[in-house]
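Asker: Input work.cif, format and content: mmCIF, C-alpha atoms.
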```cif
data_coords
#
loop_
_atom_site.group_PDB
_atom_site.id
_atom_site.type_symbol
_atom_site.label_atom_id
_atom_site.label_comp_id
_atom_site.auth_asym_id
_atom_site.auth_seq_id
_atom_site.Cartn_x
_atom_site.Cartn_y
_atom_site.Cartn_z
ATOM 1 C CA ARG A 1 -37.769 12.253 -48.949
ATOM 2 C CA LYS A 2 -34.022 12.672 -49.286
ATOM 3 C CA GLU A 3 -32.013 12.759 -46.088
ATOM 4 C CA VAL A 4 -30.259 15.976 -47.025
ATOM 5 C CA GLU A 5 -31.666 18.396 -49.602
ATOM 6 C CA GLN A 6 -30.229 21.442 -51.302
ATOM 7 C CA ASP A 7 -31.325 23.727 -54.112
ATOM 8 C CA PRO A 8 -28.982 22.751 -56.975
ATOM 9 C CA GLY A 9 -28.887 26.300 -58.368
ATOM 10 C CA PRO A 10 -27.000 27.665 -60.155
ATOM 11 C CA PHE A 11 -26.846 30.911 -58.257
ATOM 12 C CA ASN A 12 -25.365 33.537 -60.559
ATOM 13 C CA VAL A 13 -24.279 36.610 -58.601
ATOM 14 C CA PRO A 14 -22.050 39.622 -59.315
ATOM 15 C CA GLU A 15 -18.825 40.220 -57.452
ATOM 16 C CA GLY A 16 -19.471 41.880 -54.111
ATOM 17 C CA ALA A 17 -22.941 40.404 -53.683
ATOM 18 C CA THR A 18 -24.179 38.540 -50.656
ATOM 19 C CA VAL A 19 -25.574 35.085 -51.296
ATOM 20 C CA ALA A 20 -27.165 32.516 -49.006
ATOM 21 C CA PHE A 21 -27.718 28.794 -49.345
ATOM 22 C CA ASN A 22 -30.006 26.611 -47.306
ATOM 23 C CA CYS A 23 -29.922 22.899 -46.681
ATOM 24 C CA THR A 24 -32.600 20.802 -44.988
ATOM 25 C CA TYR A 25 -32.129 17.467 -43.275
ATOM 26 C CA SER A 26 -34.679 14.847 -42.320
ATOM 27 C CA ASN A 27 -33.137 13.092 -39.311
ATOM 28 C CA SER A 28 -33.748 15.071 -36.152
ATOM 29 C CA ALA A 29 -31.116 12.960 -34.365
ATOM 30 C CA SER A 30 -28.339 14.240 -36.635
ATOM 31 C CA GLN A 31 -25.354 15.226 -34.588
ATOM 32 C CA SER A 32 -23.041 17.456 -36.549
ATOM 33 C CA PHE A 33 -23.229 19.658 -39.601
ATOM 34 C CA PHE A 34 -20.741 20.916 -42.149
ATOM 35 C CA TRP A 35 -20.301 22.879 -45.336
ATOM 36 C CA TYR A 36 -17.880 21.639 -47.974
ATOM 37 C CA ARG A 37 -16.692 23.326 -51.131
ATOM 38 C CA GLN A 38 -16.110 21.349 -54.312
ATOM 39 C CA ASP A 39 -14.375 22.724 -57.375
ATOM 40 C CA CYS A 40 -14.991 21.185 -60.787
ATOM 41 C CA ARG A 41 -13.561 17.656 -61.013
ATOM 42 C CA LYS A 42 -11.922 17.941 -57.592
ATOM 43 C CA GLU A 43 -12.562 16.393 -54.213
ATOM 44 C CA PRO A 44 -14.770 18.228 -51.685
ATOM 45 C CA LYS A 45 -12.870 20.262 -49.122
ATOM 46 C CA LEU A 46 -14.126 21.207 -45.708
ATOM 47 C CA LEU A 47 -15.198 24.843 -45.626
ATOM 48 C CA MET A 48 -16.525 25.048 -42.094
ATOM 49 C CA SER A 49 -18.359 23.204 -39.376
ATOM 50 C CA VAL A 50 -21.741 24.519 -38.289
ATOM 51 C CA TYR A 51 -22.264 25.120 -34.598
ATOM 52 C CA SER A 52 -25.552 25.489 -32.777
ATOM 53 C CA SER A 53 -24.870 29.120 -31.905
ATOM 54 C CA GLY A 54 -23.811 29.965 -35.434
ATOM 55 C CA ASN A 55 -20.257 30.688 -36.489
ATOM 56 C CA GLU A 56 -18.350 32.975 -38.752
ATOM 57 C CA ASP A 57 -15.105 32.603 -40.679
ATOM 58 C CA GLY A 58 -14.202 35.771 -42.528
ATOM 59 C CA ARG A 59 -16.829 36.365 -45.200
ATOM 60 C CA PHE A 60 -18.588 33.083 -44.446
ATOM 61 C CA THR A 61 -21.306 32.617 -41.821
ATOM 62 C CA ALA A 62 -22.944 29.309 -41.020
ATOM 63 C CA GLN A 63 -26.087 28.807 -38.971
ATOM 64 C CA LEU A 64 -28.063 25.859 -37.674
ATOM 65 C CA ASN A 65 -31.781 25.776 -36.964
ATOM 66 C CA ARG A 66 -32.531 22.498 -35.204
ATOM 67 C CA ALA A 67 -36.227 23.214 -34.761
ATOM 68 C CA SER A 68 -36.750 23.591 -38.497
ATOM 69 C CA GLN A 69 -33.950 21.169 -39.375
ATOM 70 C CA TYR A 70 -31.952 23.313 -41.722
ATOM 71 C CA ILE A 71 -28.507 24.806 -41.968
ATOM 72 C CA SER A 72 -27.471 27.839 -43.926
ATOM 73 C CA LEU A 73 -24.347 29.365 -45.415
ATOM 74 C CA LEU A 74 -24.018 33.084 -46.047
ATOM 75 C CA ILE A 75 -21.236 34.452 -48.221
ATOM 76 C CA ARG A 76 -20.626 38.192 -48.074
ATOM 77 C CA ASP A 77 -18.688 40.261 -50.600
ATOM 78 C CA SER A 78 -18.550 37.431 -53.138
ATOM 79 C CA LYS A 79 -15.297 36.932 -55.028
ATOM 80 C CA LEU A 80 -14.772 35.322 -58.415
ATOM 81 C CA SER A 81 -12.827 32.630 -56.601
ATOM 82 C CA ASP A 82 -15.929 31.684 -54.607
ATOM 83 C CA SER A 83 -17.377 30.071 -57.749
ATOM 84 C CA ALA A 84 -17.792 26.398 -56.869
ATOM 85 C CA THR A 85 -20.344 23.879 -55.677
ATOM 86 C CA TYR A 86 -21.203 24.049 -51.981
ATOM 87 C CA LEU A 87 -22.188 20.798 -50.324
ATOM 88 C CA CYS A 88 -23.869 20.543 -46.967
ATOM 89 C CA ALA A 89 -23.200 17.448 -44.904
ATOM 90 C CA VAL A 90 -24.936 15.941 -41.905
ATOM 91 C CA LYS A 91 -23.343 13.436 -39.564
ATOM 92 C CA GLU A 92 -25.378 10.499 -38.329
ATOM 93 C CA TRP A 93 -23.322 8.324 -36.006
ATOM 94 C CA ASP A 94 -20.305 7.207 -38.077
ATOM 95 C CA LYS A 95 -21.671 8.345 -41.430
ATOM 96 C CA LEU A 96 -21.550 11.687 -43.201
ATOM 97 C CA ILE A 97 -24.514 12.225 -45.542
ATOM 98 C CA PHE A 98 -24.185 14.855 -48.257
ATOM 99 C CA GLY A 99 -26.628 16.977 -50.136
ATOM 100 C CA THR A 100 -26.324 17.162 -53.903
ATOM 101 C CA GLY A 101 -24.728 20.591 -53.706
ATOM 102 C CA THR A 102 -25.559 24.141 -54.726
ATOM 103 C CA ARG A 103 -23.612 25.623 -57.591
ATOM 104 C CA LEU A 104 -22.445 29.212 -57.252
ATOM 105 C CA GLN A 105 -21.158 31.264 -60.170
ATOM 106 C CA VAL A 106 -19.768 34.714 -59.368
ATOM 107 C CA PHE A 107 -19.384 36.990 -62.395
ATOM 108 C CA PRO A 108 -17.380 40.224 -62.817
ATOM 109 C CA SER B 1 -2.963 16.076 -39.928
ATOM 110 C CA GLN B 2 -3.889 13.078 -42.001
ATOM 111 C CA THR B 3 -2.980 12.561 -45.631
ATOM 112 C CA ILE B 4 -5.031 10.359 -47.927
ATOM 113 C CA HIS B 5 -3.459 8.653 -50.914
ATOM 114 C CA GLN B 6 -5.779 7.243 -53.530
ATOM 115 C CA TRP B 7 -4.959 5.510 -56.811
ATOM 116 C CA PRO B 8 -5.250 5.202 -59.683
ATOM 117 C CA ALA B 9 -6.346 8.761 -60.416
ATOM 118 C CA THR B 10 -8.107 7.835 -63.657
ATOM 119 C CA LEU B 11 -8.948 4.624 -65.407
ATOM 120 C CA VAL B 12 -11.005 3.405 -68.328
ATOM 121 C CA GLN B 13 -12.278 -0.137 -68.015
ATOM 122 C CA PRO B 14 -14.462 -2.303 -70.268
ATOM 123 C CA VAL B 15 -17.785 -3.649 -69.071
ATOM 124 C CA GLY B 16 -17.339 -6.933 -67.265
ATOM 125 C CA SER B 17 -13.753 -6.284 -66.217
ATOM 126 C CA PRO B 18 -12.614 -6.264 -62.563
ATOM 127 C CA LEU B 19 -11.829 -3.176 -60.521
ATOM 128 C CA SER B 20 -9.517 -2.385 -57.664
ATOM 129 C CA LEU B 21 -9.161 1.098 -56.177
ATOM 130 C CA GLU B 22 -6.785 1.561 -53.315
ATOM 131 C CA CYS B 23 -6.642 4.096 -50.526
ATOM 132 C CA THR B 24 -4.079 4.533 -47.770
ATOM 133 C CA VAL B 25 -4.038 7.034 -44.955
ATOM 134 C CA GLU B 26 -1.082 8.596 -43.119
ATOM 135 C CA GLY B 27 -0.915 10.708 -40.011
ATOM 136 C CA THR B 28 -3.623 9.051 -37.967
ATOM 137 C CA SER B 29 -4.340 5.697 -36.395
ATOM 138 C CA ASN B 30 -7.558 3.720 -36.204
ATOM 139 C CA PRO B 31 -9.410 6.041 -38.575
ATOM 140 C CA ASN B 32 -12.930 5.582 -39.842
ATOM 141 C CA LEU B 33 -12.658 5.048 -43.595
ATOM 142 C CA TYR B 34 -15.221 5.681 -46.293
ATOM 143 C CA TRP B 35 -15.819 5.125 -49.994
ATOM 144 C CA TYR B 36 -18.119 7.577 -51.760
ATOM 145 C CA ARG B 37 -19.174 7.754 -55.386
ATOM 146 C CA GLN B 38 -20.247 10.840 -57.288
ATOM 147 C CA ALA B 39 -21.921 10.103 -60.598
ATOM 148 C CA ALA B 40 -22.141 12.785 -63.272
ATOM 149 C CA GLY B 41 -24.447 15.583 -62.123
ATOM 150 C CA ARG B 42 -25.311 13.812 -58.911
ATOM 151 C CA GLY B 43 -24.435 14.070 -55.246
ATOM 152 C CA LEU B 44 -22.013 12.104 -53.134
ATOM 153 C CA GLN B 45 -23.314 8.638 -52.393
ATOM 154 C CA LEU B 46 -21.856 6.732 -49.456
ATOM 155 C CA LEU B 47 -20.951 3.222 -50.615
ATOM 156 C CA PHE B 48 -19.041 1.680 -47.696
ATOM 157 C CA TYR B 49 -17.594 2.672 -44.390
ATOM 158 C CA SER B 50 -15.322 0.939 -41.927
ATOM 159 C CA VAL B 51 -14.658 1.602 -38.246
ATOM 160 C CA GLY B 52 -11.859 -0.963 -37.962
ATOM 161 C CA ILE B 53 -9.852 -3.710 -39.642
ATOM 162 C CA GLY B 54 -12.159 -6.228 -41.280
ATOM 163 C CA GLN B 55 -15.278 -4.238 -40.355
ATOM 164 C CA ILE B 56 -17.201 -3.095 -43.408
ATOM 165 C CA SER B 57 -20.670 -1.594 -43.586
ATOM 166 C CA SER B 58 -22.397 -1.477 -46.940
ATOM 167 C CA GLU B 59 -24.829 1.310 -47.642
ATOM 168 C CA VAL B 60 -26.276 0.288 -50.984
ATOM 169 C CA PRO B 61 -26.721 -3.082 -52.725
ATOM 170 C CA GLN B 62 -24.486 -3.237 -55.781
ATOM 171 C CA ASN B 63 -21.768 -5.207 -57.484
ATOM 172 C CA LEU B 64 -19.028 -3.467 -55.532
ATOM 173 C CA SER B 65 -17.271 -4.659 -52.396
ATOM 174 C CA ALA B 66 -14.801 -3.165 -49.952
ATOM 175 C CA SER B 67 -12.092 -4.565 -47.741
ATOM 176 C CA ARG B 68 -9.862 -3.214 -45.007
ATOM 177 C CA PRO B 69 -6.872 -5.521 -44.685
ATOM 178 C CA GLN B 70 -4.846 -3.054 -42.583
ATOM 179 C CA ASP B 71 -5.693 -0.209 -40.233
ATOM 180 C CA ARG B 72 -4.967 2.496 -42.769
ATOM 181 C CA GLN B 73 -5.763 0.715 -46.019
ATOM 182 C CA PHE B 74 -9.152 0.593 -47.700
ATOM 183 C CA ILE B 75 -9.819 -1.140 -51.014
ATOM 184 C CA LEU B 76 -12.818 -0.908 -53.328
ATOM 185 C CA SER B 77 -13.338 -3.805 -55.712
ATOM 186 C CA SER B 78 -15.628 -5.242 -58.305
ATOM 187 C CA LYS B 79 -15.518 -8.581 -60.089
ATOM 188 C CA LYS B 80 -17.479 -7.340 -63.104
ATOM 189 C CA LEU B 81 -18.000 -3.680 -63.856
ATOM 190 C CA LEU B 82 -21.252 -2.262 -65.208
ATOM 191 C CA LEU B 83 -21.672 0.882 -67.274
ATOM 192 C CA SER B 84 -23.504 2.416 -64.313
ATOM 193 C CA ASP B 85 -20.356 2.058 -62.184
ATOM 194 C CA SER B 86 -18.791 5.017 -63.983
ATOM 195 C CA GLY B 87 -18.160 7.964 -61.715
ATOM 196 C CA PHE B 88 -15.832 9.783 -59.382
ATOM 197 C CA TYR B 89 -14.793 7.565 -56.461
ATOM 198 C CA LEU B 90 -13.607 9.236 -53.298
ATOM 199 C CA CYS B 91 -11.911 7.730 -50.306
ATOM 200 C CA ALA B 92 -12.326 9.639 -47.069
ATOM 201 C CA CYS B 93 -11.257 9.321 -43.475
ATOM 202 C CA SER B 94 -11.885 10.696 -40.049
ATOM 203 C CA ASN B 95 -10.211 9.693 -36.807
ATOM 204 C CA THR B 96 -12.392 8.178 -34.146
ATOM 205 C CA SER B 97 -12.180 11.223 -31.947
ATOM 206 C CA GLY B 98 -12.618 13.686 -34.793
ATOM 207 C CA ASN B 99 -15.865 14.972 -36.127
ATOM 208 C CA THR B 100 -14.893 15.910 -39.638
ATOM 209 C CA ILE B 101 -14.191 13.870 -42.738
ATOM 210 C CA TYR B 102 -11.427 14.573 -45.237
ATOM 211 C CA PHE B 103 -11.233 13.320 -48.794
ATOM 212 C CA GLY B 104 -8.543 11.931 -51.034
ATOM 213 C CA GLU B 105 -8.118 13.363 -54.503
ATOM 214 C CA GLY B 106 -10.471 10.821 -56.034
ATOM 215 C CA SER B 107 -10.396 8.293 -58.849
ATOM 216 C CA TRP B 108 -12.222 8.882 -62.118
ATOM 217 C CA LEU B 109 -13.640 5.622 -63.476
ATOM 218 C CA THR B 110 -15.128 5.357 -66.950
ATOM 219 C CA VAL B 111 -16.670 2.032 -67.881
ATOM 220 C CA VAL B 112 -16.965 1.544 -71.635
#
```
Take the structure I supplied and represent it as structure tokens, if you would.
Answerer:
Amino acid sequence: RKEVEQDPGPFNVPEGATVAFNCTYSNSASQSFFWYRQDCRKEPKLLMSVYSSGNEDGRFTAQLNRASQYISLLIRDSKLSDSATYLCAVKEWDKLIFGTGTRLQVFP
Amino acid sequence: SQTIHQWPATLVQPVGSPLSLECTVEGTSNPNLYWYRQAAGRGLQLLFYSVGIGQISSEVPQNLSASRPQDRQFILSSKKLLLSDSGFYLCACSNTSGNTIYFGEGSWLTVV
């Protein structure tokens, strides 16, 4: 079983839609959780950290479910510019382990 | 905030040739440093990480090696490249008190 798993997608959604991604992790001792965004042929960039109580940043909401060992990312009111690959990441001690990413394509 | 410089940005190398990718970090001291690889259509694979000068942890057996000769310098090397070494190589850093990791702009390696 992979340490961090994501549905690769693609998720094709119209502008204005709400879309959600899930990510599961296998190590119950994982300490911290993150979502990154990666544009085509670019480096990943930190989108947001994921806190136990859930957190929101504008149109983006991240949640953590430790009991079921998954994190989620909700994007409301999708924009064309949201089209990218979204990577979840799980920190284990000094290492950050990434999922393979979920591709999102927002169309007009 | 830290800045990560990584070079070269792209390179095409023949099979069996050596490799050296360099990464330097500014704006932080005693950072944790990382090398990741992203092969075509695949996820980010952690290759090496370092918590201090001369301290290297290898995550996967392969023909690559890493060195950290200075606090803010991290080098990825190979003596003989394989076709399977092609990919997008990313240097990353976090400071020891920070939780998050930031990436350099990456190096595209094509082995032919």
Asker: Check what the PyMOL selection byres ((chain B and resi 49) around 9) selects in the file above and give those residues as a list in words.
Answerer: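 Going through the file, the PyMOL selection byres ((chain B and resi 49) around 9) ends up selecting Asp94 and Lys95 of chain A; Asn32, Leu33, Tyr34, Trp35, Tyr36, Leu46, Leu47, Phe48, Ser50, Val51, Gln55, Ile56, Ser57, Ser58, Glu59 and Ala66 of chain B.
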Asker: Could you tell me which residues the PyMOL selection byres ((chain A) within 7 of (chain B)) grabs in this file, written as an NGL selection string?
Answerer: :A and (42-44 or 98-101)
Asker: Write the residues of the preceding selection, restricted to C-alpha atoms, as an mmCIF file, in the frame of the given file.
Answerer:
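Result file follows (part-v9.cif):
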```
data_model
loop_
_atom_site.group_PDB
_atom_site.id
_atom_site.type_symbol
_atom_site.label_atom_id
_atom_site.label_comp_id
_atom_site.auth_asym_id
_atom_site.auth_seq_id
_atom_site.Cartn_x
_atom_site.Cartn_y
_atom_site.Cartn_z
ATOM 1 C CA LYS A 42 -11.922 17.941 -57.592
ATOM 2 C CA GLU A 43 -12.562 16.393 -54.213
ATOM 3 C CA PRO A 44 -14.770 18.228 -51.685
ATOM 4 C CA PHE A 98 -24.185 14.855 -48.257
ATOM 5 C CA GLY A 99 -26.628 16.977 -50.136
ATOM 6 C CA THR A 100 -26.324 17.162 -53.903
ATOM 7 C CA GLY A 101 -24.728 20.591 -53.706
#
```
Asker: Tell me which residues the PyMOL selection byres ((chain A and resi 13) around 7) grabs here, as number ranges by chain.
Answerer: A: 11-12, 14-15, 17, 105-107
Asker: Give me, please, the distance in Å between atom CA of Leu73 of chain A and atom CA of Pro31 of chain B, quoted to one decimal.
Answerer: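 About the pair atom CA of Leu73 of chain A and atom CA of Pro31 of chain B: they are 28.5 Å apart.
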Asker: Looking at A:Asp77, A:Asp7, A:Glu92, A:Asp57, which one is nearest to Asn27 of chain A, with distances taken over all atoms listed in the file?
Answerer: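 Checking each of A:Asp77, A:Asp7, A:Glu92, A:Asp57 against Asn27 of chain A, counting all atoms listed in the file, the winner is A:Glu92.
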Asker: Go through B:Trp7, B:Val25, B:Arg37, B:Gly16 one by one, measure the shortest atom-to-atom distance of each to Ser86 of chain B using all atoms listed in the file, and give the residue with the smallest value.
Answerer: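 Between B:Trp7, B:Val25, B:Arg37, B:Gly16, the residue approaching Ser86 of chain B most closely is B:Arg37.
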Asker: Can you tell me which residues surround Leu11 of chain B at a distance of at most 7 Å, considering all atoms listed in the file, apart from same-chain residues fewer than 3 positions away, and format the answer as a list in words?
Answerer: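 Neighbouring residues, sequence-local ones excluded: Pro8, Trp108, Leu109 and Thr110 of chain B.
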Asker: Figure out the distance between atom CA of Ala67 of chain A and atom CA of Leu47 of chain A, please, to one decimal in Å.
Answerer: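 Pair atom CA of Leu47 of chain A / atom CA of Ala67 of chain A returns 23.7 Å.
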